[in-house]
Structure formats: C-alpha cells, structure tokens
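Novice: My file is start-v5.pdb. It has PDB, C-alpha atoms:
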```
ATOM      1  CA  MET A   1      -8.727  23.436  13.729
ATOM      2  CA  MET A   2     -10.571  20.748  11.791
ATOM      3  CA  GLY A   3     -11.834  21.516   8.315
ATOM      4  CA  GLU A   4     -15.235  20.556   6.960
ATOM      5  CA  ARG A   5     -15.962  17.514   4.856
ATOM      6  CA  PRO A   6     -16.705  18.402   1.215
ATOM      7  CA  ASP A   7     -20.425  18.490   0.475
ATOM      8  CA  GLY A   8     -21.816  15.075  -0.398
ATOM      9  CA  ALA A   9     -18.613  13.166   0.398
ATOM     10  CA  ARG A  10     -19.106   9.696   1.837
ATOM     11  CA  GLY A  11     -15.992  10.156   3.938
ATOM     12  CA  ILE A  12     -12.361  11.195   3.856
ATOM     13  CA  ALA A  13      -9.691   8.833   2.558
ATOM     14  CA  LEU A  14      -5.909   9.115   2.527
ATOM     15  CA  VAL A  15      -3.858   6.956   0.153
ATOM     16  CA  THR A  16      -0.068   6.867   0.369
ATOM     17  CA  GLY A  17       2.061   5.976  -2.624
ATOM     18  CA  ALA A  18      -0.846   7.231  -4.714
ATOM     19  CA  GLY A  19       1.059   8.598  -7.692
ATOM     20  CA  ARG A  20       0.927   5.443  -9.794
ATOM     21  CA  GLY A  21       0.247   1.723  -9.804
ATOM     22  CA  ILE A  22      -1.816   0.267  -6.976
ATOM     23  CA  GLY A  23      -2.074   3.538  -5.070
ATOM     24  CA  SER A  24      -3.464   5.442  -8.035
ATOM     25  CA  ALA A  25      -6.010   2.691  -8.735
ATOM     26  CA  VAL A  26      -7.111   2.605  -5.077
ATOM     27  CA  ALA A  27      -7.475   6.386  -4.911
ATOM     28  CA  GLN A  28      -9.588   6.443  -8.052
ATOM     29  CA  HIS A  29     -11.747   3.553  -6.829
ATOM     30  CA  LEU A  30     -12.419   5.284  -3.508
ATOM     31  CA  SER A  31     -13.249   8.490  -5.347
ATOM     32  CA  ARG A  32     -15.763   6.674  -7.558
ATOM     33  CA  GLU A  33     -17.351   5.305  -4.394
ATOM     34  CA  GLY A  34     -17.931   8.816  -3.093
ATOM     35  CA  TYR A  35     -14.912   9.527  -0.892
ATOM     36  CA  ALA A  36     -12.970  12.759  -0.904
ATOM     37  CA  VAL A  37      -9.457  11.468  -1.438
ATOM     38  CA  ALA A  38      -6.096  12.873  -0.358
ATOM     39  CA  LEU A  39      -3.236  11.447  -2.397
ATOM     40  CA  THR A  40       0.371  11.562  -1.274
ATOM     41  CA  ALA A  41       3.620  10.450  -2.908
ATOM     42  CA  ARG A  42       6.988  11.953  -3.721
ATOM     43  CA  SER A  43       6.169  13.109  -7.261
ATOM     44  CA  ALA A  44       3.809  16.062  -7.643
ATOM     45  CA  GLU A  45       3.519  15.333 -11.360
ATOM     46  CA  GLN A  46       2.430  11.722 -10.794
ATOM     47  CA  LEU A  47      -0.017  12.807  -8.100
ATOM     48  CA  ALA A  48      -1.632  15.315 -10.442
ATOM     49  CA  GLU A  49      -2.054  12.635 -13.104
ATOM     50  CA  ALA A  50      -3.546  10.173 -10.601
ATOM     51  CA  ALA A  51      -5.902  12.809  -9.201
ATOM     52  CA  SER A  52      -7.123  13.657 -12.698
ATOM     53  CA  GLY A  53      -8.725  10.198 -12.801
ATOM     54  CA  CYS A  54     -10.713  10.824  -9.607
ATOM     55  CA  PRO A  55     -14.274  12.068 -10.207
ATOM     56  CA  GLY A  56     -14.649  13.556  -6.720
ATOM     57  CA  PRO A  57     -12.752  16.043  -4.523
ATOM     58  CA  THR A  58      -9.009  15.444  -4.176
ATOM     59  CA  ARG A  59      -5.988  16.907  -2.446
ATOM     60  CA  THR A  60      -2.480  16.114  -3.649
ATOM     61  CA  ILE A  61       0.280  16.312  -1.046
ATOM     62  CA  PRO A  62       3.813  15.706  -2.325
ATOM     63  CA  ALA A  63       5.914  14.301   0.512
ATOM     64  CA  ASP A  64       8.652  11.847   1.376
ATOM     65  CA  LEU A  65       7.071   9.518   3.919
ATOM     66  CA  THR A  66      10.451   8.529   5.298
ATOM     67  CA  ALA A  67      11.093  12.048   6.601
ATOM     68  CA  PRO A  68      10.466  12.078  10.380
ATOM     69  CA  ASP A  69       7.741  14.759  10.325
ATOM     70  CA  ALA A  70       6.183  13.895   6.971
ATOM     71  CA  VAL A  71       3.242  11.859   8.266
ATOM     72  CA  ASN A  72       2.207  14.534  10.756
ATOM     73  CA  GLY A  73       2.451  17.171   8.049
ATOM     74  CA  ILE A  74       0.307  15.177   5.635
ATOM     75  CA  LEU A  75      -2.390  14.489   8.221
ATOM     76  CA  ASP A  76      -2.354  18.103   9.390
ATOM     77  CA  ASP A  77      -2.988  19.162   5.796
ATOM     78  CA  VAL A  78      -5.918  16.775   5.352
ATOM     79  CA  GLU A  79      -7.491  17.526   8.725
ATOM     80  CA  ASN A  80      -7.208  21.295   8.325
ATOM     81  CA  ALA A  81      -8.900  21.078   4.939
ATOM     82  CA  TRP A  82     -11.494  18.346   5.416
ATOM     83  CA  GLY A  83     -11.462  16.953   8.947
ATOM     84  CA  GLY A  84     -10.504  13.528  10.235
ATOM     85  CA  VAL A  85      -9.531  10.622   7.999
ATOM     86  CA  ASP A  86     -12.065   7.788   7.806
ATOM     87  CA  VAL A  87     -10.059   5.488   5.523
ATOM     88  CA  LEU A  88      -6.290   5.102   5.467
ATOM     89  CA  VAL A  89      -4.689   3.018   2.732
ATOM     90  CA  ALA A  90      -0.964   2.679   3.451
ATOM     91  CA  ASN A  91       0.378   1.653   0.076
ATOM     92  CA  ALA A  92       3.743   3.380  -0.340
ATOM     93  CA  GLY A  93       6.571   0.892  -0.647
ATOM     94  CA  ILE A  94       9.864   0.071  -2.256
ATOM     95  CA  GLY A  95      11.380  -3.153  -3.523
ATOM     96  CA  ALA A  96      15.016  -4.208  -3.460
ATOM     97  CA  SER A  97      16.839  -7.274  -4.715
ATOM     98  CA  ALA A  98      20.268  -8.542  -3.726
ATOM     99  CA  PRO A  99      21.871 -11.636  -2.201
ATOM    100  CA  LEU A 100      21.637 -11.409   1.571
ATOM    101  CA  GLU A 101      25.371 -11.024   2.091
ATOM    102  CA  ARG A 102      25.469  -8.026  -0.265
ATOM    103  CA  ILE A 103      22.691  -6.000   1.378
ATOM    104  CA  THR A 104      24.196  -2.907   2.955
ATOM    105  CA  ASP A 105      22.971  -1.292   6.145
ATOM    106  CA  ASP A 106      21.723   1.673   4.132
ATOM    107  CA  GLN A 107      19.752  -0.522   1.728
ATOM    108  CA  TRP A 108      18.219  -2.435   4.637
ATOM    109  CA  ALA A 109      17.254   0.791   6.391
ATOM    110  CA  ASP A 110      15.764   2.344   3.240
ATOM    111  CA  VAL A 111      13.407  -0.601   2.712
ATOM    112  CA  LEU A 112      12.301  -0.859   6.340
ATOM    113  CA  ASP A 113      11.863   2.910   6.673
ATOM    114  CA  LEU A 114       9.318   3.099   3.860
ATOM    115  CA  ASN A 115       7.704  -0.339   4.050
ATOM    116  CA  LEU A 116       7.380  -0.689   7.821
ATOM    117  CA  THR A 117       8.187   2.468   9.768
ATOM    118  CA  ALA A 118       6.105   4.772   7.546
ATOM    119  CA  PRO A 119       2.939   2.626   7.878
ATOM    120  CA  PHE A 120       3.512   2.496  11.646
ATOM    121  CA  ARG A 121       3.671   6.280  11.778
ATOM    122  CA  CYS A 122       0.511   6.559   9.668
ATOM    123  CA  LEU A 123      -1.402   4.195  11.954
ATOM    124  CA  ARG A 124      -0.142   5.940  15.076
ATOM    125  CA  ARG A 125      -1.315   9.283  13.714
ATOM    126  CA  VAL A 126      -4.829   8.333  12.506
ATOM    127  CA  ILE A 127      -5.881   5.922  15.247
ATOM    128  CA  PRO A 128      -6.728   8.478  17.978
ATOM    129  CA  GLY A 129      -9.214  10.328  15.747
ATOM    130  CA  MET A 130     -10.749   7.114  14.458
ATOM    131  CA  LYS A 131     -11.206   5.839  18.011
ATOM    132  CA  GLN A 132     -12.803   9.114  19.039
ATOM    133  CA  ARG A 133     -15.290   8.864  16.147
ATOM    134  CA  ALA A 134     -15.773   5.106  16.815
ATOM    135  CA  HIS A 135     -15.215   4.348  13.154
ATOM    136  CA  GLY A 136     -12.257   3.854  10.850
ATOM    137  CA  ARG A 137     -10.838   1.628   8.154
ATOM    138  CA  ILE A 138      -7.113   0.982   7.826
ATOM    139  CA  VAL A 139      -5.757  -1.107   4.967
ATOM    140  CA  VAL A 140      -2.060  -1.750   4.470
ATOM    141  CA  ILE A 141      -0.825  -3.022   1.117
ATOM    142  CA  ALA A 142       1.556  -5.801   2.073
ATOM    143  CA  SER A 143       2.618  -8.540  -0.353
ATOM    144  CA  MET A 144       2.766 -12.280  -0.714
ATOM    145  CA  ALA A 145       6.278 -11.699   0.594
ATOM    146  CA  ALA A 146       4.531 -11.194   3.957
ATOM    147  CA  LYS A 147       3.568 -14.893   3.839
ATOM    148  CA  VAL A 148       6.545 -16.704   2.297
ATOM    149  CA  GLY A 149      10.267 -16.202   1.834
ATOM    150  CA  GLU A 150      11.921 -15.951  -1.554
ATOM    151  CA  PRO A 151      15.610 -15.639  -2.376
ATOM    152  CA  TYR A 152      17.270 -12.272  -2.982
ATOM    153  CA  ILE A 153      14.544 -10.124  -1.383
ATOM    154  CA  ALA A 154      15.424 -10.480   2.296
ATOM    155  CA  ALA A 155      14.932  -6.811   3.198
ATOM    156  CA  TYR A 156      11.634  -6.563   1.332
ATOM    157  CA  THR A 157      10.375  -9.833   2.824
ATOM    158  CA  ALA A 158      11.374  -8.813   6.349
ATOM    159  CA  SER A 159       9.591  -5.476   5.964
ATOM    160  CA  LYS A 160       6.395  -7.100   4.697
ATOM    161  CA  HIS A 161       6.404  -9.774   7.395
ATOM    162  CA  GLY A 162       6.829  -6.938   9.880
ATOM    163  CA  VAL A 163       3.970  -4.871   8.517
ATOM    164  CA  LEU A 164       1.678  -7.889   8.671
ATOM    165  CA  GLY A 165       2.549  -8.235  12.362
ATOM    166  CA  LEU A 166       1.743  -4.546  12.816
ATOM    167  CA  VAL A 167      -1.654  -5.038  11.175
ATOM    168  CA  ARG A 168      -2.538  -8.037  13.307
ATOM    169  CA  SER A 169      -1.498  -6.387  16.564
ATOM    170  CA  ALA A 170      -3.339  -3.154  15.728
ATOM    171  CA  ALA A 171      -6.489  -5.060  14.785
ATOM    172  CA  ALA A 172      -6.474  -6.945  18.082
ATOM    173  CA  GLU A 173      -5.961  -3.727  20.005
ATOM    174  CA  LEU A 174      -8.747  -1.860  18.181
ATOM    175  CA  ALA A 175     -11.290  -4.655  17.800
ATOM    176  CA  ARG A 176     -13.895  -3.073  20.104
ATOM    177  CA  THR A 177     -13.435   0.504  18.912
ATOM    178  CA  GLY A 178     -15.154   0.437  15.510
ATOM    179  CA  VAL A 179     -11.794   0.600  13.723
ATOM    180  CA  THR A 180     -10.727  -2.272  11.475
ATOM    181  CA  VAL A 181      -7.182  -2.986  10.321
ATOM    182  CA  ASN A 182      -6.388  -5.335   7.457
ATOM    183  CA  ALA A 183      -3.672  -6.114   4.946
ATOM    184  CA  VAL A 184      -4.015  -6.871   1.255
ATOM    185  CA  CYS A 185      -1.281  -9.174  -0.010
ATOM    186  CA  PRO A 186      -0.860  -9.119  -3.776
ATOM    187  CA  ALA A 187       1.444 -11.338  -5.778
ATOM    188  CA  TYR A 188       3.198  -9.801  -8.797
ATOM    189  CA  VAL A 189       1.050  -6.929 -10.041
ATOM    190  CA  ASP A 190       1.245  -5.232 -13.422
ATOM    191  CA  THR A 191       2.875  -2.038 -12.094
ATOM    192  CA  PRO A 192       6.074  -0.013 -12.525
ATOM    193  CA  MET A 193       7.552  -1.912  -9.560
ATOM    194  CA  THR A 194       7.184  -5.169 -11.464
ATOM    195  CA  GLU A 195       8.738  -3.562 -14.531
ATOM    196  CA  PHE A 196      11.708  -2.693 -12.317
ATOM    197  CA  THR A 197      11.867  -6.347 -11.281
ATOM    198  CA  VAL A 198      11.844  -7.358 -14.946
ATOM    199  CA  ARG A 199      14.787  -5.058 -15.647
ATOM    200  CA  THR A 200      16.662  -6.448 -12.648
ATOM    201  CA  ILE A 201      16.164 -10.013 -13.893
ATOM    202  CA  VAL A 202      17.407  -9.003 -17.336
ATOM    203  CA  GLN A 203      20.520  -7.373 -15.874
ATOM    204  CA  THR A 204      21.397 -10.255 -13.565
ATOM    205  CA  THR A 205      20.543 -13.222 -15.818
ATOM    206  CA  GLY A 206      21.004 -11.987 -19.369
ATOM    207  CA  HIS A 207      17.546 -13.245 -20.319
ATOM    208  CA  SER A 208      15.219 -11.094 -22.395
ATOM    209  CA  ALA A 209      12.580  -8.829 -20.906
ATOM    210  CA  GLU A 210       9.920 -11.021 -22.489
ATOM    211  CA  TRP A 211      11.353 -14.093 -20.741
ATOM    212  CA  ALA A 212      11.541 -12.263 -17.417
ATOM    213  CA  ARG A 213       7.968 -11.020 -17.639
ATOM    214  CA  GLU A 214       6.676 -14.478 -18.521
ATOM    215  CA  PHE A 215       8.645 -15.912 -15.602
ATOM    216  CA  LEU A 216       6.877 -13.519 -13.231
ATOM    217  CA  GLU A 217       3.488 -14.183 -14.809
ATOM    218  CA  HIS A 218       3.861 -17.877 -14.094
ATOM    219  CA  LYS A 219       4.605 -17.228 -10.437
ATOM    220  CA  GLN A 220       0.786 -17.042 -10.221
ATOM    221  CA  PRO A 221      -1.084 -20.306 -10.920
ATOM    222  CA  ILE A 222      -3.548 -18.327 -13.057
ATOM    223  CA  GLY A 223      -0.620 -17.614 -15.386
ATOM    224  CA  ARG A 224      -0.746 -13.828 -15.460
ATOM    225  CA  LEU A 225       0.059 -10.746 -13.435
ATOM    226  CA  ILE A 226      -2.528  -9.365 -11.030
ATOM    227  CA  THR A 227      -4.154  -6.101 -12.155
ATOM    228  CA  VAL A 228      -4.188  -2.941 -10.076
ATOM    229  CA  ASP A 229      -7.988  -2.918 -10.244
ATOM    230  CA  GLU A 230      -8.117  -6.384  -8.675
ATOM    231  CA  VAL A 231      -6.045  -5.091  -5.761
ATOM    232  CA  ALA A 232      -8.252  -1.991  -5.472
ATOM    233  CA  GLN A 233     -11.348  -4.195  -5.287
ATOM    234  CA  ALA A 234      -9.766  -6.157  -2.426
ATOM    235  CA  VAL A 235      -9.063  -2.905  -0.594
ATOM    236  CA  TRP A 236     -12.667  -1.855  -1.091
ATOM    237  CA  TYR A 237     -13.860  -5.137   0.431
ATOM    238  CA  CYS A 238     -11.858  -4.306   3.566
ATOM    239  CA  VAL A 239     -13.395  -0.827   3.645
ATOM    240  CA  VAL A 240     -17.053  -1.864   3.398
ATOM    241  CA  ASN A 241     -17.029  -4.987   5.601
ATOM    242  CA  GLY A 242     -16.843  -4.035   9.256
ATOM    243  CA  ALA A 243     -16.625  -7.656  10.416
ATOM    244  CA  VAL A 244     -13.304  -8.195   8.625
ATOM    245  CA  THR A 245     -10.322  -7.174  10.733
ATOM    246  CA  GLY A 246      -6.879  -8.555  11.455
ATOM    247  CA  GLN A 247      -6.895 -10.325   8.114
ATOM    248  CA  SER A 248      -4.379 -10.592   5.299
ATOM    249  CA  LEU A 249      -6.313 -10.943   2.062
ATOM    250  CA  ASN A 250      -4.350 -12.773  -0.617
ATOM    251  CA  VAL A 251      -4.704 -11.421  -4.150
ATOM    252  CA  ASP A 252      -2.254 -13.820  -5.730
ATOM    253  CA  GLY A 253      -3.950 -15.959  -8.346
ATOM    254  CA  GLY A 254      -3.836 -19.009  -6.075
ATOM    255  CA  ALA A 255      -0.126 -18.910  -5.213
ATOM    256  CA  VAL A 256      -0.625 -19.316  -1.461
ATOM    257  CA  GLN A 257      -3.818 -21.071  -0.449
ATOM    258  CA  SER A 258      -5.154 -20.189   2.998
TER
END
```
Reformat the file's structure so that it appears as structure tokens.
Specialist:
Amino acid sequence: MMGERPDGARGIALVTGAGRGIGSAVAQHLSREGYAVALTARSAEQLAEAASGCPGPTRTIPADLTAPDAVNGILDDVENAWGGVDVLVANAGIGASAPLERITDDQWADVLDLNLTAPFRCLRRVIPGMKQRAHGRIVVIASMAAKVGEPYIAAYTASKHGVLGLVRSAAAELARTGVTVNAVCPAYVDTPMTEFTVRTIVQTTGHSAEWAREFLEHKQPIGRLITVDEVAQAVWYCVVNGAVTGQSLNVDGGAVQS
C-alpha cells in the first residue's frame, strides 16, 4: 500500500550513498528545493548527520546496496511511507586502485557490484512507477572515468563506463514516457573518497599528502578540486530540465571538453 506524500512536498527523492560527500550535498540540496528526501547508505550515524542538514522531511534507511534484496527493501520503505519516488539519484560508489594484473576477482566484483549492478537494480525498481505517473528524473553519479581511461583504476573505470552505457540505453528507452535519465561526471571532488586516493598515493609513492593533494588538484585545468555543491547543482539541472536526457554532464574543471 502506497503512503502519502508529506504535506507541501514538491516530490519524493531517493539518494543512495547519501551519508557523506556528494550524496549528502545532493540530499540537502533537494531538501532545500522542497523535496521529501530518503537517504540511504551503510552507516546509520552518517545518514543521521546528513539528514540533520536537510530542512524538509527525511527518511534514513541504512542498507548495503550490494545485498540482493536491498534495493527492493529500500524502495518498499519509501513507498509505504510516502508513495512513489519522483527523483532517484544513484550516487553510491566505491573506488579501487591497483595495477591491472594485481586486481583479484573479488576486488573486481566488489567494484562492479556497487558501481554498476546497484544502479541497475535501482533503475529497474523505480522505472515502472515513474512510467505509470508519466514523470520521473533519474540521475546517476558517474565520473570522468566514464569518459577516459587512467592507469591503475581499471575496475573503477570499467564500472563507470558501464553505468554510462546503462544511462544512455535507459534514456533512449524512456524518451517518450516523461522519464529522463542522465549522468553527472565529476572529476576529483573534495570528498572522503579523494582523501582515500591521497592516502593511496602517499603509500605507493612515498610523497607527502600535500604533494598528492596538489597533484590531484592539477588534474583539473582550473587547478583545484571540484566541490560537492558544484556536483549537486549539476544534479539539480538534470532534475529541473525535462529536455535533457541521455546526457553525461561533465563537472571537471575543463579536463574533458565535449
């Protein structure tokens, strides 16, 4: 049985990987724009902190998206409480770094499970309701790694190339239904994931953390990391513009011109 939308809510949004970084910023942006926002991630503590920055109604749903029934459970929770999801932002992801010949089967599977299979399951679950209501917005947070290859991140790059293919195929399939599907492709963003990359560089090269961070900053022609708010603004553009679908919006400081 479907729940009822909270009074005054512009719509219902679900953000995965919402406990910190990009996901937290997106959830808070959508809340400021009037959406009732469901936030999901593994950490209940991080979700509570992220939700505390949302001015509107929230639901926090701790879950491991890689579990086979997790997506259905999350959507059941949201629908029973509030009704169908109008905006899905599939943000949850994991990075990994290793020379190609050292990537194990388990490491490969872990990255693809969260970065590609979980978004697929989310899309599969929300699309029928969106089609029935003739309206929906799906935004997947991909990466510049969906556009170019870099050394030592083969699993991550493969997963992001794959999710961009998923977005494009879904957008073509849904073009006449009122549902749009887009990807936002950030470069290096000032998030805990980038801090993990900094630590990895330090461990593998012996350089200082300051050197590693500056190295990543200069991957962007603008000479700095992207902010989480800049990514959230790009997501919002995909939400409000119904003529934009099947696109991969670069938020990369000019790294890949298209």
Novice: Pick from A:Glu79, A:Asp252, A:Glu230, A:Asp110: nearest to Met1 of chain A, with all atoms listed in the file counted?
Specialist: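 Of A:Glu79, A:Asp252, A:Glu230, A:Asp110, the one nearest Met1 of chain A, counting all atoms listed in the file, is A:Glu79.
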Novice: Considering all atoms listed in the file, can you say which of A:Val78, A:Ala142, A:Ala36, A:Ala187 comes closest to Cys54 of chain A?
Specialist: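 Among A:Val78, A:Ala142, A:Ala36, A:Ala187, it is A:Ala36 that comes nearest to Cys54 of chain A.
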Novice: Name the residues that the PyMOL selection byres ((chain A and resi 18) around 10) pulls out of this structure, and write them as an mmCIF file with C-alpha atoms, in the coordinates of the input.
Specialist:
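Once written, out.cif looks like this:
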```
data_model
loop_
_atom_site.group_PDB
_atom_site.id
_atom_site.type_symbol
_atom_site.label_atom_id
_atom_site.label_comp_id
_atom_site.auth_asym_id
_atom_site.auth_seq_id
_atom_site.Cartn_x
_atom_site.Cartn_y
_atom_site.Cartn_z
ATOM 1 C CA LEU A 14 -5.909 9.115 2.527
ATOM 2 C CA VAL A 15 -3.858 6.956 0.153
ATOM 3 C CA THR A 16 -0.068 6.867 0.369
ATOM 4 C CA GLY A 17 2.061 5.976 -2.624
ATOM 5 C CA GLY A 19 1.059 8.598 -7.692
ATOM 6 C CA ARG A 20 0.927 5.443 -9.794
ATOM 7 C CA GLY A 21 0.247 1.723 -9.804
ATOM 8 C CA ILE A 22 -1.816 0.267 -6.976
ATOM 9 C CA GLY A 23 -2.074 3.538 -5.070
ATOM 10 C CA SER A 24 -3.464 5.442 -8.035
ATOM 11 C CA ALA A 25 -6.010 2.691 -8.735
ATOM 12 C CA VAL A 26 -7.111 2.605 -5.077
ATOM 13 C CA ALA A 27 -7.475 6.386 -4.911
ATOM 14 C CA GLN A 28 -9.588 6.443 -8.052
ATOM 15 C CA ALA A 38 -6.096 12.873 -0.358
ATOM 16 C CA LEU A 39 -3.236 11.447 -2.397
ATOM 17 C CA THR A 40 0.371 11.562 -1.274
ATOM 18 C CA ALA A 41 3.620 10.450 -2.908
ATOM 19 C CA ARG A 42 6.988 11.953 -3.721
ATOM 20 C CA SER A 43 6.169 13.109 -7.261
ATOM 21 C CA GLN A 46 2.430 11.722 -10.794
ATOM 22 C CA LEU A 47 -0.017 12.807 -8.100
ATOM 23 C CA ALA A 48 -1.632 15.315 -10.442
ATOM 24 C CA ALA A 50 -3.546 10.173 -10.601
ATOM 25 C CA ALA A 51 -5.902 12.809 -9.201
ATOM 26 C CA THR A 60 -2.480 16.114 -3.649
ATOM 27 C CA ILE A 61 0.280 16.312 -1.046
ATOM 28 C CA PRO A 62 3.813 15.706 -2.325
ATOM 29 C CA VAL A 89 -4.689 3.018 2.732
ATOM 30 C CA ALA A 90 -0.964 2.679 3.451
ATOM 31 C CA ASN A 91 0.378 1.653 0.076
ATOM 32 C CA ALA A 92 3.743 3.380 -0.340
#
```
Novice: Name the residues captured by the PyMOL selection byres ((chain A and resi 81-88) around 7) when it is applied to the shown file; answer as a PyMOL selection string.
Specialist: chain A and resi 2-6+11-15+77-80+89-90+126+129-130+136-139
Novice: Hey, what comes out of the PyMOL selection byres ((chain A and resi 165) around 12) on this file? Could you write it as a ChimeraX atom specification?
Specialist: /A:116,119-120,140,142,146-147,158-164,166-172,181-183,246-248
Novice: Which residues are near segment 203-208 of chain A? Cut-off 12 Å, only C-alpha atoms, ignore same chain within fewer than 4 positions. Put them as a VMD selection string.
Specialist: chain A and resid 97 to 99 152 196 to 199 212 to 215
Novice: So, with all atoms listed in the file as the atoms that count, which of A:Asp76, A:Asp106, A:Thr177, A:Ala255 lies closest to His218 of chain A?
Specialist: A:Ala255
Novice: Taking 5 positions as the minimum chain separation for residues in the same chain, which residues sit within 12 Å of Gln257 of chain A when counting all atoms listed in the file? Answer as an MDAnalysis selection string.
Specialist: chainID A and resid 144 147:148 220:221 248:252
Novice: For Gln233 of chain A, find every residue with an atom within 10 Å (counting only C-alpha atoms), except residues of its own chain fewer than 4 positions away, and show them as number ranges by chain.
Specialist: A: 25-26, 29-30, 228-229, 237-239, 251
Novice: Nearest to Tyr35 of chain A: which of A:Arg176, A:Arg102, A:Arg59, A:His135 is it, counting only C-alpha atoms?
Specialist: A:Arg59
Novice: Calculate how many Å separate atom CA of Met193 of chain A from atom CA of Gly56 of chain A, rounding to one decimal.
Specialist: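 These atoms are spaced 27.2 Å apart.
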Novice: To one decimal place, how far is atom CA of Thr180 of chain A from atom CA of Val244 of chain A in Å?
Specialist: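 Between atom CA of Thr180 of chain A and atom CA of Val244 of chain A the gap works out to 7.1 Å.
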Novice: With only C-alpha atoms as the basis for distance, which of A:Arg133, A:Arg32, A:Arg125, A:Lys219 is at the shortest distance from Ala232 of chain A?
Specialist: A:Arg32
Novice: Could you check how far atom CA of Ile74 of chain A sits from atom CA of Thr58 of chain A, in Å to one decimal?
Specialist: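 Atom CA of Thr58 of chain A lies at a distance of 13.5 Å from atom CA of Ile74 of chain A.
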Novice: Pick from A:Ile201, A:Asp190, A:Ala44, A:Val256: nearest to Arg224 of chain A, with only C-alpha atoms counted?
Specialist: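 Closest to Arg224 of chain A, using only C-alpha atoms: A:Asp190.
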